[in-house]
Amino acid sequence: MPSAGSGARLLFAGAPRRHRVSGPDPGLSERLRLFQRLREAQERRDGTATGPGRPAPGTPIRISLPGGSRLPGRALQTTPFQVAAELGGGLAEAALVARVNGTLQDLDRPLETDSDLELLDFSTPEGREAFWRSGASVLAAVTEQFYGATLCSAQATEDGFFCDVHMGERTVQRAELPALEDACAAFARAGHRFERLEATRQQLGQLFKDNSFQLQQIEEDVTSPTATVYRCGPLLQLCPGPLLRHTGLIAALRVLTSSAAFWRGGPRSVQRVAAVAFPSAEALAAWQRAQDEAALRDHRRIGREQELFFFHKLSPGSCFFLPRGAHIYNALVDLIRSEYRARGFSEVVTPNVFAPQLWELSGHWQHYSPHIFSFAAGAETLSLKPMNCPAHCLMFAHRPRSWRELPLRLADFGVLHRNEPPGSLTGLTRVRRFQQDDAHIFCTMEQLESEIDACLDFVRTVYAVLGFSFRLALATRPPGFLGDPQTWDRAEQHLERSLRSFGQPWELSPGDGAFYGPKIDIRIRDALGRHHQCGTIQLDFQMPERFELEYASSTGGAERPVLIHRAVLGSVERMVAVLAESCGGRWPFWLSPLQVVVIPQVPEVDDYAREVQAVLRGGGIVADLDGDAGATLARKIRRAQLAHYNFQLVVGRRERARGTVSVRTRDNRQLGEREVRGVLRRLRELRDARVPDAEEQF
């Protein structure tokens with residue numbers, strides 16, 4: 001593999017000079033030399049340092065593995081990679097990162113003391129994230145050289161990674177992506193090591209003195225005395241890690257898209273290049289097959305073909321739901337409302353327009369103002385609400401409250417607006433106007449655990465109806481959290497007990513909580529195996545403080561309530577998109593906008609077909625009529641199947657004479673001749689039960 005000192009030289013062949021927008025970075029060699037000096041000093045300190053609870057280098061330690069086996073090791077000398085190599089069985093080749101005493105770390109970072117060690121490969125979420133974060137570093141290093149650009153950030157996402165670079169007025173052209181991909185592959189094959197450094201704020205300032213974007217990240221994000229910097233070839237980047245041992249582990253990489261974005265929601269425009277990478281070419285090929293299948297199920301295509309919704313340039317980022325789309329939308333809302341009635345939630349209606357002082361009071365203005373639509377109304381400034389929680393706090397506070405009223409569960413389907421950048425708008429998955437199944441629970445600390453239990457049961461019930469499995473993660477307090485640690489500890493313990501009693505596997509996400517409270521992240525898995533963040537359960541100690549919310553306790557004193565933010569569907573718009581792609585447009589009957597089509601065999605029974613349609617519609621069933629006199633019966637049936645109507649009711653002279661219909665399913669199962677009222681009764685039973693397979697159960 002290339003030595004650390006070779007990083008400043010040409011790292012891949014064939015980077016076309018015509019792509020560059022500036023010359024070589026004149027300060028790069030100086031910063032790389034500084035990095036190496038700091039890293040050598042760090043290694044010397046690590047090789048000699050001792051302290052409370054930290055054995056001297058070389059001290060024997062115990063390494064405990066999953067399953068109960070143990071291995072001997074040496075403090076500050078034995079690495080997780082050495083353990084993987086000793087265990088054999090391909091572990092050294094497959095392992096990507098390690099979990100040591102509950103904390104993720106690089107495989108080459110020595111163990112400091114007795115350790116519970118778990119080796120993680122690409123099949124684990126942590127392994128994939130580290131792999132894609134490393135891929136983002138490769139993409140960033142190559143893009144900097146390829147274009148002479150300035151790196152802003154490089155990040156892993158749920159399904160790949162991206163890097164943002166600043167290129168002045170230059171843009172990344174689609175025709176350039178194949179050459180960029182080849183350059184990334186050459187860089188990865190070179191096997192550049194990922195080298196880690198813990199740097200002080202002063203050292204960070206020296207390492208990134210010529211990069212205003214990284215300096216801004218340091219100023220805004222680094223709250224501890226030190227932060228982690230990684231080097232990969234010529235690249236220096238602020239990165240929490242862990243990363244792979246070297247780039248040679250990235251066997252296949254695909255550059256996907258380039259687009260414009262705004263740096264941290266501000267006015268500075270950057271170029272965003274997105275990609276994905278895998279440990280093998282076979283894995284990339286399997287991913288491509290899944291992408292091809294997903295393209296066939298793209299919710300925008302389904303929305304167009306089934307006439308569900310559309311977008312228009314005169315209202316960018318706001319969806320026009322046509323009658324069929326509105327049927328799906330309302331059926332989802334009705335599902336949640338039925339659960340609200342059973343679970344003691346009270347639905348409320350709140351305003352859309354507020355003075356900015358509300359968002360300043362709630363804390364959203366400081367953190368979220370670029371995403372809030374504001375406008376002048378005479379002499380005052382007003383804003384469209386981007387979330388419901390501050391309005392619900394006003395509702396709680398509008399009169400004195402007693403402990404007897406708690407828990408108070410307020411639900412709101414109010415219209416929300418968020419000023420998303422134009423380049424980020426993507427069908428129904430990223431919009432500016434949307435609604436959520438938003439609810440806020442005001443309760444006492446003693447009621448917290450039972451309310452979380454009920455929220456988790458709510459999630460399980462709804463996702464079972466929708467046909468989704470899901471994963472749970474407990475996100476604990478992050479750096480820079482607000483409030484006192486004791487309250488956080490108590491709240492996290494409540495959430496952990498609820499998760500344990502819930503009986504479903506969950507994982508820990510240390511430091512991923514919101515600044516105002518810990519949360520339970522909920523990720524659903526669709527029919528294509530993709531994961532989506534939709535629901536959430538979040539605790540909030542700060543908003544009750546900011547709004548000075550109080551209730552009279554049973555002892556007569558004033559107490560502060562705990563606030564739970566809770567959503568199951570999340571954005572209804574986004575859930576429509578997820579469901580459309582998961583079912584491929586073959587909607588379950590209760591949700592379907594294409595429940596029934598009545599098909600007359602011959603024109604002379606058209607009047608009877610319309611009578612059947614009217615009976616079904618009168619009973620609340622979505623029923624269409626194919627009265628095309630120029631089409632054969634076989635063509636009408638085939639057309640109905642391709643359109644994914646759940647049921648086809650064929651009527652001819654015999655059915656008219658008997659008051660019946662001949663029932664067929666979209667899978668071409670013939671269920672025989674049935675009396676019209678009996679068909680209506682059975683369809684309503686299946687709809688109201690929200691069964692996933694009405695065609696089988698009919």
# chains A, B, ... in the order shown; residues from 1 in each chain; ligands from 1
>>> residues_around(residues="Ala141 of chain A", least_positions_apart="5", cutoff="9 Å", atoms="only C-alpha atoms", output="count of residues only")
10
>>> residues_around(residues="segment 663-667 of chain A", least_positions_apart="2", cutoff="12 Å", atoms="only C-alpha atoms", output="JSON, numbers by chain")
{"A": [586, 587, 588, 589, 594, 595, 596, 597, 598, 599, 637, 638, 639, 640, 641, 642, 643, 644, 645, 646, 647, 648, 649, 650, 651, 655, 660, 661, 669, 670, 671, 672, 673, 674, 675, 676, 678, 679, 680, 682, 683, 693, 694, 695, 696, 697, 698]}
>>> atom_distance(atom1="atom CA of Gln36 of chain A", atom2="atom CA of Gln206 of chain A")
13.1 Å
>>> closest_residue(among="A:Arg430, A:His364, A:Arg196, A:Arg497", to="Arg546 of chain A", atoms="only C-alpha atoms")
A:His364
>>> residues_around(residues="segment 526-538 of chain A", least_positions_apart="2", cutoff="6 Å", atoms="only C-alpha atoms", output="PDB file with all heavy atoms, in the first residue's frame")
ATOM      1  N   LYS A 519     -34.975  10.107  22.467  1.00  0.00           N
ATOM      2  CA  LYS A 519     -36.073   9.707  21.593  1.00  0.00           C
ATOM      3  C   LYS A 519     -35.923   8.254  21.182  1.00  0.00           C
ATOM      4  O   LYS A 519     -34.859   7.646  21.334  1.00  0.00           O
ATOM      5  CB  LYS A 519     -36.110  10.591  20.342  1.00  0.00           C
ATOM      6  CG  LYS A 519     -34.848  10.524  19.493  1.00  0.00           C
ATOM      7  CD  LYS A 519     -34.959  11.408  18.253  1.00  0.00           C
ATOM      8  CE  LYS A 519     -33.686  11.339  17.408  1.00  0.00           C
ATOM      9  NZ  LYS A 519     -33.826  12.085  16.137  1.00  0.00           N
ATOM     10  N   ILE A 520     -37.019   7.714  20.672  1.00  0.00           N
ATOM     11  CA  ILE A 520     -37.024   6.390  20.066  1.00  0.00           C
ATOM     12  C   ILE A 520     -37.231   6.576  18.571  1.00  0.00           C
ATOM     13  O   ILE A 520     -38.279   7.077  18.140  1.00  0.00           O
ATOM     14  CB  ILE A 520     -38.134   5.495  20.660  1.00  0.00           C
ATOM     15  CG1 ILE A 520     -37.889   5.265  22.155  1.00  0.00           C
ATOM     16  CG2 ILE A 520     -38.194   4.163  19.926  1.00  0.00           C
ATOM     17  CD1 ILE A 520     -39.016   4.509  22.846  1.00  0.00           C
ATOM     18  N   ASP A 521     -36.221   6.226  17.781  1.00  0.00           N
ATOM     19  CA  ASP A 521     -36.336   6.293  16.328  1.00  0.00           C
ATOM     20  C   ASP A 521     -36.968   5.006  15.821  1.00  0.00           C
ATOM     21  O   ASP A 521     -36.625   3.903  16.275  1.00  0.00           O
ATOM     22  CB  ASP A 521     -34.965   6.483  15.682  1.00  0.00           C
ATOM     23  CG  ASP A 521     -34.452   7.907  15.841  1.00  0.00           C
ATOM     24  OD1 ASP A 521     -35.291   8.824  15.877  1.00  0.00           O
ATOM     25  OD2 ASP A 521     -33.227   8.089  15.932  1.00  0.00           O
ATOM     26  N   ILE A 522     -37.867   5.142  14.857  1.00  0.00           N
ATOM     27  CA  ILE A 522     -38.609   3.998  14.327  1.00  0.00           C
ATOM     28  C   ILE A 522     -38.428   3.973  12.815  1.00  0.00           C
ATOM     29  O   ILE A 522     -38.780   4.929  12.127  1.00  0.00           O
ATOM     30  CB  ILE A 522     -40.110   4.100  14.672  1.00  0.00           C
ATOM     31  CG1 ILE A 522     -40.291   4.299  16.178  1.00  0.00           C
ATOM     32  CG2 ILE A 522     -40.858   2.860  14.195  1.00  0.00           C
ATOM     33  CD1 ILE A 522     -41.622   4.890  16.564  1.00  0.00           C
ATOM     34  N   ARG A 523     -37.870   2.875  12.311  1.00  0.00           N
ATOM     35  CA  ARG A 523     -37.611   2.740  10.876  1.00  0.00           C
ATOM     36  C   ARG A 523     -38.388   1.540  10.350  1.00  0.00           C
ATOM     37  O   ARG A 523     -38.186   0.409  10.808  1.00  0.00           O
ATOM     38  CB  ARG A 523     -36.116   2.569  10.617  1.00  0.00           C
ATOM     39  CG  ARG A 523     -35.295   3.814  10.955  1.00  0.00           C
ATOM     40  CD  ARG A 523     -33.811   3.529  10.991  1.00  0.00           C
ATOM     41  NE  ARG A 523     -33.326   2.966   9.749  1.00  0.00           N
ATOM     42  CZ  ARG A 523     -33.056   3.680   8.655  1.00  0.00           C
ATOM     43  NH1 ARG A 523     -33.253   4.989   8.658  1.00  0.00           N
ATOM     44  NH2 ARG A 523     -32.608   3.107   7.564  1.00  0.00           N
ATOM     45  N   ILE A 524     -39.259   1.806   9.383  1.00  0.00           N
ATOM     46  CA  ILE A 524     -40.043   0.725   8.793  1.00  0.00           C
ATOM     47  C   ILE A 524     -39.279   0.102   7.627  1.00  0.00           C
ATOM     48  O   ILE A 524     -38.413   0.725   7.024  1.00  0.00           O
ATOM     49  CB  ILE A 524     -41.424   1.223   8.315  1.00  0.00           C
ATOM     50  CG1 ILE A 524     -41.281   2.320   7.254  1.00  0.00           C
ATOM     51  CG2 ILE A 524     -42.252   1.708   9.482  1.00  0.00           C
ATOM     52  CD1 ILE A 524     -42.596   2.764   6.651  1.00  0.00           C
ATOM     53  N   ILE A 564     -44.284  14.761  25.259  1.00  0.00           N
ATOM     54  CA  ILE A 564     -43.913  13.694  24.323  1.00  0.00           C
ATOM     55  C   ILE A 564     -44.375  14.101  22.930  1.00  0.00           C
ATOM     56  O   ILE A 564     -45.561  14.356  22.709  1.00  0.00           O
ATOM     57  CB  ILE A 564     -44.560  12.344  24.694  1.00  0.00           C
ATOM     58  CG1 ILE A 564     -44.196  11.947  26.119  1.00  0.00           C
ATOM     59  CG2 ILE A 564     -44.143  11.259  23.705  1.00  0.00           C
ATOM     60  CD1 ILE A 564     -44.931  10.698  26.606  1.00  0.00           C
ATOM     61  N   HIS A 565     -43.436  14.195  21.985  1.00  0.00           N
ATOM     62  CA  HIS A 565     -43.777  14.375  20.569  1.00  0.00           C
ATOM     63  C   HIS A 565     -43.956  12.978  19.982  1.00  0.00           C
ATOM     64  O   HIS A 565     -43.071  12.125  20.129  1.00  0.00           O
ATOM     65  CB  HIS A 565     -42.647  15.080  19.807  1.00  0.00           C
ATOM     66  CG  HIS A 565     -42.254  16.412  20.356  1.00  0.00           C
ATOM     67  ND1 HIS A 565     -42.621  17.599  19.762  1.00  0.00           N
ATOM     68  CD2 HIS A 565     -41.503  16.752  21.435  1.00  0.00           C
ATOM     69  CE1 HIS A 565     -42.104  18.607  20.451  1.00  0.00           C
ATOM     70  NE2 HIS A 565     -41.422  18.117  21.472  1.00  0.00           N
ATOM     71  N   ARG A 566     -45.049  12.761  19.257  1.00  0.00           N
ATOM     72  CA  ARG A 566     -45.318  11.412  18.768  1.00  0.00           C
ATOM     73  C   ARG A 566     -45.945  11.452  17.378  1.00  0.00           C
ATOM     74  O   ARG A 566     -46.888  12.206  17.129  1.00  0.00           O
ATOM     75  CB  ARG A 566     -46.263  10.723  19.753  1.00  0.00           C
ATOM     76  CG  ARG A 566     -46.481   9.249  19.564  1.00  0.00           C
ATOM     77  CD  ARG A 566     -47.896   8.982  19.112  1.00  0.00           C
ATOM     78  NE  ARG A 566     -48.219   9.765  17.944  1.00  0.00           N
ATOM     79  CZ  ARG A 566     -49.387   9.760  17.346  1.00  0.00           C
ATOM     80  NH1 ARG A 566     -50.363   9.061  17.821  1.00  0.00           N
ATOM     81  NH2 ARG A 566     -49.620  10.503  16.277  1.00  0.00           N
ATOM     82  N   ALA A 567     -45.400  10.666  16.449  1.00  0.00           N
ATOM     83  CA  ALA A 567     -45.989  10.489  15.124  1.00  0.00           C
ATOM     84  C   ALA A 567     -45.796   9.037  14.724  1.00  0.00           C
ATOM     85  O   ALA A 567     -44.785   8.418  15.078  1.00  0.00           O
ATOM     86  CB  ALA A 567     -45.347  11.425  14.097  1.00  0.00           C
ATOM     87  N   VAL A 568     -46.743   8.498  13.996  1.00  0.00           N
ATOM     88  CA  VAL A 568     -46.654   7.117  13.517  1.00  0.00           C
ATOM     89  C   VAL A 568     -46.458   7.099  12.009  1.00  0.00           C
ATOM     90  O   VAL A 568     -45.480   6.557  11.498  1.00  0.00           O
ATOM     91  CB  VAL A 568     -47.911   6.308  13.908  1.00  0.00           C
ATOM     92  CG1 VAL A 568     -47.802   4.872  13.406  1.00  0.00           C
ATOM     93  CG2 VAL A 568     -48.107   6.326  15.413  1.00  0.00           C
ATOM     94  N   LEU A 569     -47.381   7.707  11.272  1.00  0.00           N
ATOM     95  CA  LEU A 569     -47.197   7.829   9.826  1.00  0.00           C
ATOM     96  C   LEU A 569     -46.093   8.823   9.501  1.00  0.00           C
ATOM     97  O   LEU A 569     -45.394   8.692   8.506  1.00  0.00           O
ATOM     98  CB  LEU A 569     -48.494   8.303   9.151  1.00  0.00           C
ATOM     99  CG  LEU A 569     -49.752   7.458   9.341  1.00  0.00           C
ATOM    100  CD1 LEU A 569     -50.929   8.103   8.612  1.00  0.00           C
ATOM    101  CD2 LEU A 569     -49.532   6.035   8.864  1.00  0.00           C
ATOM    102  N   GLY A 570     -45.932   9.847  10.356  1.00  0.00           N
ATOM    103  CA  GLY A 570     -45.085  10.970   9.987  1.00  0.00           C
ATOM    104  C   GLY A 570     -45.823  11.820   8.969  1.00  0.00           C
ATOM    105  O   GLY A 570     -47.031  12.038   9.069  1.00  0.00           O
ATOM    106  N   SER A 582     -44.017   0.381  -2.047  1.00  0.00           N
ATOM    107  CA  SER A 582     -43.973  -0.921  -1.393  1.00  0.00           C
ATOM    108  C   SER A 582     -44.950  -1.901  -2.035  1.00  0.00           C
ATOM    109  O   SER A 582     -44.620  -3.076  -2.245  1.00  0.00           O
ATOM    110  CB  SER A 582     -44.281  -0.773   0.099  1.00  0.00           C
ATOM    111  OG  SER A 582     -44.091  -1.996   0.786  1.00  0.00           O
TER     112      SER A 582
END
>>> residues_around(residues="Arg301 of chain A", least_positions_apart="4", cutoff="10 Å", atoms="only C-alpha atoms", output="list in words")
Ala295, Leu296, Arg297, Glu305, Gln306, Glu307, Leu308, Gly427, Ala580, Glu581 and Gly585 of chain A
>>> write_last_selection(atoms="all heavy atoms", output="PDB file, in the first residue's frame")
ATOM      1  N   ALA A 295     -37.318   1.445  -9.567  1.00  0.00           N
ATOM      2  CA  ALA A 295     -37.699   2.413 -10.601  1.00  0.00           C
ATOM      3  C   ALA A 295     -39.063   2.067 -11.188  1.00  0.00           C
ATOM      4  O   ALA A 295     -39.859   2.959 -11.511  1.00  0.00           O
ATOM      5  CB  ALA A 295     -36.638   2.451 -11.697  1.00  0.00           C
ATOM      6  N   LEU A 296     -39.333   0.767 -11.323  1.00  0.00           N
ATOM      7  CA  LEU A 296     -40.646   0.358 -11.826  1.00  0.00           C
ATOM      8  C   LEU A 296     -41.749   0.706 -10.833  1.00  0.00           C
ATOM      9  O   LEU A 296     -42.909   0.862 -11.222  1.00  0.00           O
ATOM     10  CB  LEU A 296     -40.652  -1.146 -12.102  1.00  0.00           C
ATOM     11  CG  LEU A 296     -39.725  -1.633 -13.223  1.00  0.00           C
ATOM     12  CD1 LEU A 296     -39.758  -3.154 -13.306  1.00  0.00           C
ATOM     13  CD2 LEU A 296     -40.127  -1.015 -14.561  1.00  0.00           C
ATOM     14  N   ARG A 297     -41.366   0.809  -9.549  1.00  0.00           N
ATOM     15  CA  ARG A 297     -42.343   1.114  -8.507  1.00  0.00           C
ATOM     16  C   ARG A 297     -42.281   2.576  -8.065  1.00  0.00           C
ATOM     17  O   ARG A 297     -42.861   2.926  -7.043  1.00  0.00           O
ATOM     18  CB  ARG A 297     -42.080   0.235  -7.281  1.00  0.00           C
ATOM     19  CG  ARG A 297     -42.323  -1.250  -7.496  1.00  0.00           C
ATOM     20  CD  ARG A 297     -41.844  -2.026  -6.291  1.00  0.00           C
ATOM     21  NE  ARG A 297     -42.145  -3.450  -6.362  1.00  0.00           N
ATOM     22  CZ  ARG A 297     -42.901  -4.104  -5.489  1.00  0.00           C
ATOM     23  NH1 ARG A 297     -43.442  -3.460  -4.478  1.00  0.00           N
ATOM     24  NH2 ARG A 297     -43.109  -5.393  -5.606  1.00  0.00           N
ATOM     25  N   GLU A 305     -49.718   7.266 -13.529  1.00  0.00           N
ATOM     26  CA  GLU A 305     -50.488   6.250 -14.249  1.00  0.00           C
ATOM     27  C   GLU A 305     -51.848   6.001 -13.610  1.00  0.00           C
ATOM     28  O   GLU A 305     -52.829   5.741 -14.321  1.00  0.00           O
ATOM     29  CB  GLU A 305     -49.687   4.947 -14.302  1.00  0.00           C
ATOM     30  CG  GLU A 305     -48.431   5.058 -15.170  1.00  0.00           C
ATOM     31  CD  GLU A 305     -47.626   3.768 -15.181  1.00  0.00           C
ATOM     32  OE1 GLU A 305     -47.992   2.824 -14.429  1.00  0.00           O
ATOM     33  OE2 GLU A 305     -46.635   3.697 -15.930  1.00  0.00           O
ATOM     34  N   GLN A 306     -51.929   6.089 -12.284  1.00  0.00           N
ATOM     35  CA  GLN A 306     -53.211   5.839 -11.607  1.00  0.00           C
ATOM     36  C   GLN A 306     -53.969   7.129 -11.325  1.00  0.00           C
ATOM     37  O   GLN A 306     -55.031   7.081 -10.700  1.00  0.00           O
ATOM     38  CB  GLN A 306     -52.969   5.077 -10.298  1.00  0.00           C
ATOM     39  CG  GLN A 306     -52.420   3.675 -10.510  1.00  0.00           C
ATOM     40  CD  GLN A 306     -52.370   2.857  -9.230  1.00  0.00           C
ATOM     41  OE1 GLN A 306     -52.507   3.378  -8.113  1.00  0.00           O
ATOM     42  NE2 GLN A 306     -52.170   1.551  -9.369  1.00  0.00           N
ATOM     43  N   GLU A 307     -53.441   8.253 -11.797  1.00  0.00           N
ATOM     44  CA  GLU A 307     -54.079   9.564 -11.603  1.00  0.00           C
ATOM     45  C   GLU A 307     -54.350   9.827 -10.121  1.00  0.00           C
ATOM     46  O   GLU A 307     -55.473  10.122  -9.714  1.00  0.00           O
ATOM     47  CB  GLU A 307     -55.371   9.670 -12.416  1.00  0.00           C
ATOM     48  CG  GLU A 307     -55.145   9.632 -13.915  1.00  0.00           C
ATOM     49  CD  GLU A 307     -56.392   9.987 -14.696  1.00  0.00           C
ATOM     50  OE1 GLU A 307     -56.972  11.053 -14.425  1.00  0.00           O
ATOM     51  OE2 GLU A 307     -56.795   9.191 -15.570  1.00  0.00           O
ATOM     52  N   LEU A 308     -53.273   9.745  -9.330  1.00  0.00           N
ATOM     53  CA  LEU A 308     -53.379   9.969  -7.895  1.00  0.00           C
ATOM     54  C   LEU A 308     -53.069  11.416  -7.524  1.00  0.00           C
ATOM     55  O   LEU A 308     -53.741  12.006  -6.682  1.00  0.00           O
ATOM     56  CB  LEU A 308     -52.428   9.043  -7.134  1.00  0.00           C
ATOM     57  CG  LEU A 308     -52.555   7.539  -7.403  1.00  0.00           C
ATOM     58  CD1 LEU A 308     -51.517   6.778  -6.586  1.00  0.00           C
ATOM     59  CD2 LEU A 308     -53.963   7.048  -7.085  1.00  0.00           C
ATOM     60  N   GLY A 427     -40.752  14.530  -5.497  1.00  0.00           N
ATOM     61  CA  GLY A 427     -42.057  13.892  -5.417  1.00  0.00           C
ATOM     62  C   GLY A 427     -42.705  14.134  -4.075  1.00  0.00           C
ATOM     63  O   GLY A 427     -42.645  15.236  -3.516  1.00  0.00           O
ATOM     64  N   ALA A 580     -47.040   3.392  -1.890  1.00  0.00           N
ATOM     65  CA  ALA A 580     -47.171   3.193  -3.337  1.00  0.00           C
ATOM     66  C   ALA A 580     -46.027   2.342  -3.869  1.00  0.00           C
ATOM     67  O   ALA A 580     -46.236   1.419  -4.672  1.00  0.00           O
ATOM     68  CB  ALA A 580     -47.215   4.548  -4.048  1.00  0.00           C
ATOM     69  N   GLU A 581     -44.809   2.638  -3.413  1.00  0.00           N
ATOM     70  CA  GLU A 581     -43.654   1.898  -3.908  1.00  0.00           C
ATOM     71  C   GLU A 581     -43.572   0.510  -3.283  1.00  0.00           C
ATOM     72  O   GLU A 581     -43.106  -0.438  -3.925  1.00  0.00           O
ATOM     73  CB  GLU A 581     -42.379   2.701  -3.640  1.00  0.00           C
ATOM     74  CG  GLU A 581     -42.358   4.015  -4.428  1.00  0.00           C
ATOM     75  CD  GLU A 581     -41.082   4.805  -4.254  1.00  0.00           C
ATOM     76  OE1 GLU A 581     -40.183   4.349  -3.505  1.00  0.00           O
ATOM     77  OE2 GLU A 581     -40.968   5.889  -4.871  1.00  0.00           O
ATOM     78  N   GLY A 585     -48.317  -0.152  -6.488  1.00  0.00           N
ATOM     79  CA  GLY A 585     -49.588   0.275  -7.058  1.00  0.00           C
ATOM     80  C   GLY A 585     -50.708  -0.736  -6.899  1.00  0.00           C
ATOM     81  O   GLY A 585     -51.841  -0.461  -7.293  1.00  0.00           O
TER      82      GLY A 585
END
>>> residues_around(residues="Thr59 of chain A", least_positions_apart="3", cutoff="9 Å", atoms="only C-alpha atoms", output="list in words")
Pro55, Ala56, Gly73, Arg74, Ala75, Leu76 and Thr113 of chain A
>>> write_last_selection(atoms="N, CA, C and O atoms", output="compact mmCIF listing (two decimals), in the first residue's frame")
# COMPACT_ATOMS: atom_id res chain seq x y z
N PRO A 55 -4.55 0.85 31.97
CA PRO A 55 -3.32 0.12 32.24
C PRO A 55 -2.15 0.66 31.41
O PRO A 55 -2.34 1.31 30.39
N ALA A 56 -0.95 0.34 31.86
CA ALA A 56 0.24 0.71 31.10
C ALA A 56 0.29 -0.09 29.81
O ALA A 56 -0.24 -1.21 29.74
N GLY A 73 -5.05 -10.36 25.53
CA GLY A 73 -4.53 -9.28 24.72
C GLY A 73 -3.59 -8.40 25.52
O GLY A 73 -3.35 -8.66 26.72
N ARG A 74 -3.06 -7.37 24.87
CA ARG A 74 -2.15 -6.43 25.50
C ARG A 74 -2.70 -5.02 25.37
O ARG A 74 -3.05 -4.59 24.26
N ALA A 75 -2.77 -4.30 26.48
CA ALA A 75 -3.32 -2.94 26.48
C ALA A 75 -2.51 -2.05 25.55
O ALA A 75 -1.27 -2.06 25.56
N LEU A 76 -3.22 -1.27 24.72
CA LEU A 76 -2.65 -0.28 23.81
C LEU A 76 -1.73 -0.90 22.76
O LEU A 76 -0.97 -0.21 22.10
N THR A 113 -8.15 -1.37 27.49
CA THR A 113 -8.34 -2.08 28.76
C THR A 113 -9.16 -3.34 28.49
O THR A 113 -9.41 -3.68 27.32
>>> residues_around(residues="Ser123 of chain A", least_positions_apart="6", cutoff="12 Å", atoms="only C-alpha atoms", output="NGL selection string")
:A and (94-97 or 129-131 or 278-279 or 283)
>>> residues_around(residues="Ala391 of chain A", least_positions_apart="5", cutoff="12 Å", atoms="only C-alpha atoms", output="MDAnalysis selection string")
chainID A and resid 348:355 358:359 361:362 384:386 396:398 410:412 414 438:440 543 547
>>> select_by_dssp(residues="segment 363-531 of chain A", states="helix (DSSP H, G or I)", output="JSON, numbers by chain")
{"A": [364, 365, 366, 367, 368, 369, 370, 371, 389, 390, 391, 392, 393, 394, 395, 396, 397, 403, 404, 405, 422, 423, 424, 448, 449, 450, 451, 452, 453, 454, 455, 456, 457, 458, 459, 460, 461, 462, 463, 464, 465, 466, 485, 486, 487, 488, 489, 490, 491, 492, 493, 494, 495, 496, 497, 498, 499, 500, 501, 502]}
>>> closest_residue(among="A:Val572, A:Ala281, A:Leu253, A:Met395", to="Ile336 of chain A", atoms="only C-alpha atoms")
A:Val572
>>> decode(residues="segment 327-355 of chain A", atoms="C-alpha atoms", output="PDB file, in the first residue's frame")
ATOM      1  CA  HIS A 327     -59.068   8.634  -1.201  1.00  0.00           C
ATOM      2  CA  ILE A 328     -55.763   7.039  -0.133  1.00  0.00           C
ATOM      3  CA  TYR A 329     -54.828  10.111   1.883  1.00  0.00           C
ATOM      4  CA  ASN A 330     -58.145  10.185   3.729  1.00  0.00           C
ATOM      5  CA  ALA A 331     -58.116   6.425   4.345  1.00  0.00           C
ATOM      6  CA  LEU A 332     -54.758   6.786   6.130  1.00  0.00           C
ATOM      7  CA  VAL A 333     -56.046   9.695   8.195  1.00  0.00           C
ATOM      8  CA  ASP A 334     -59.185   7.693   9.049  1.00  0.00           C
ATOM      9  CA  LEU A 335     -56.982   4.803  10.230  1.00  0.00           C
ATOM     10  CA  ILE A 336     -55.159   7.091  12.655  1.00  0.00           C
ATOM     11  CA  ARG A 337     -58.385   8.778  13.787  1.00  0.00           C
ATOM     12  CA  SER A 338     -59.915   5.395  14.617  1.00  0.00           C
ATOM     13  CA  GLU A 339     -56.914   4.691  16.849  1.00  0.00           C
ATOM     14  CA  TYR A 340     -57.168   8.160  18.404  1.00  0.00           C
ATOM     15  CA  ARG A 341     -60.743   7.451  19.449  1.00  0.00           C
ATOM     16  CA  ALA A 342     -59.745   4.129  21.014  1.00  0.00           C
ATOM     17  CA  ARG A 343     -56.660   5.533  22.776  1.00  0.00           C
ATOM     18  CA  GLY A 344     -57.939   8.713  24.383  1.00  0.00           C
ATOM     19  CA  PHE A 345     -56.509  11.346  22.036  1.00  0.00           C
ATOM     20  CA  SER A 346     -58.379  14.606  21.468  1.00  0.00           C
ATOM     21  CA  GLU A 347     -58.107  16.078  17.988  1.00  0.00           C
ATOM     22  CA  VAL A 348     -57.611  19.856  17.806  1.00  0.00           C
ATOM     23  CA  VAL A 349     -57.352  22.489  15.068  1.00  0.00           C
ATOM     24  CA  THR A 350     -54.690  25.192  15.305  1.00  0.00           C
ATOM     25  CA  PRO A 351     -53.877  28.256  13.156  1.00  0.00           C
ATOM     26  CA  ASN A 352     -51.531  28.189  10.172  1.00  0.00           C
ATOM     27  CA  VAL A 353     -50.118  31.694  10.617  1.00  0.00           C
ATOM     28  CA  PHE A 354     -48.182  32.924  13.645  1.00  0.00           C
ATOM     29  CA  ALA A 355     -45.981  35.826  14.661  1.00  0.00           C
TER      30      ALA A 355
END
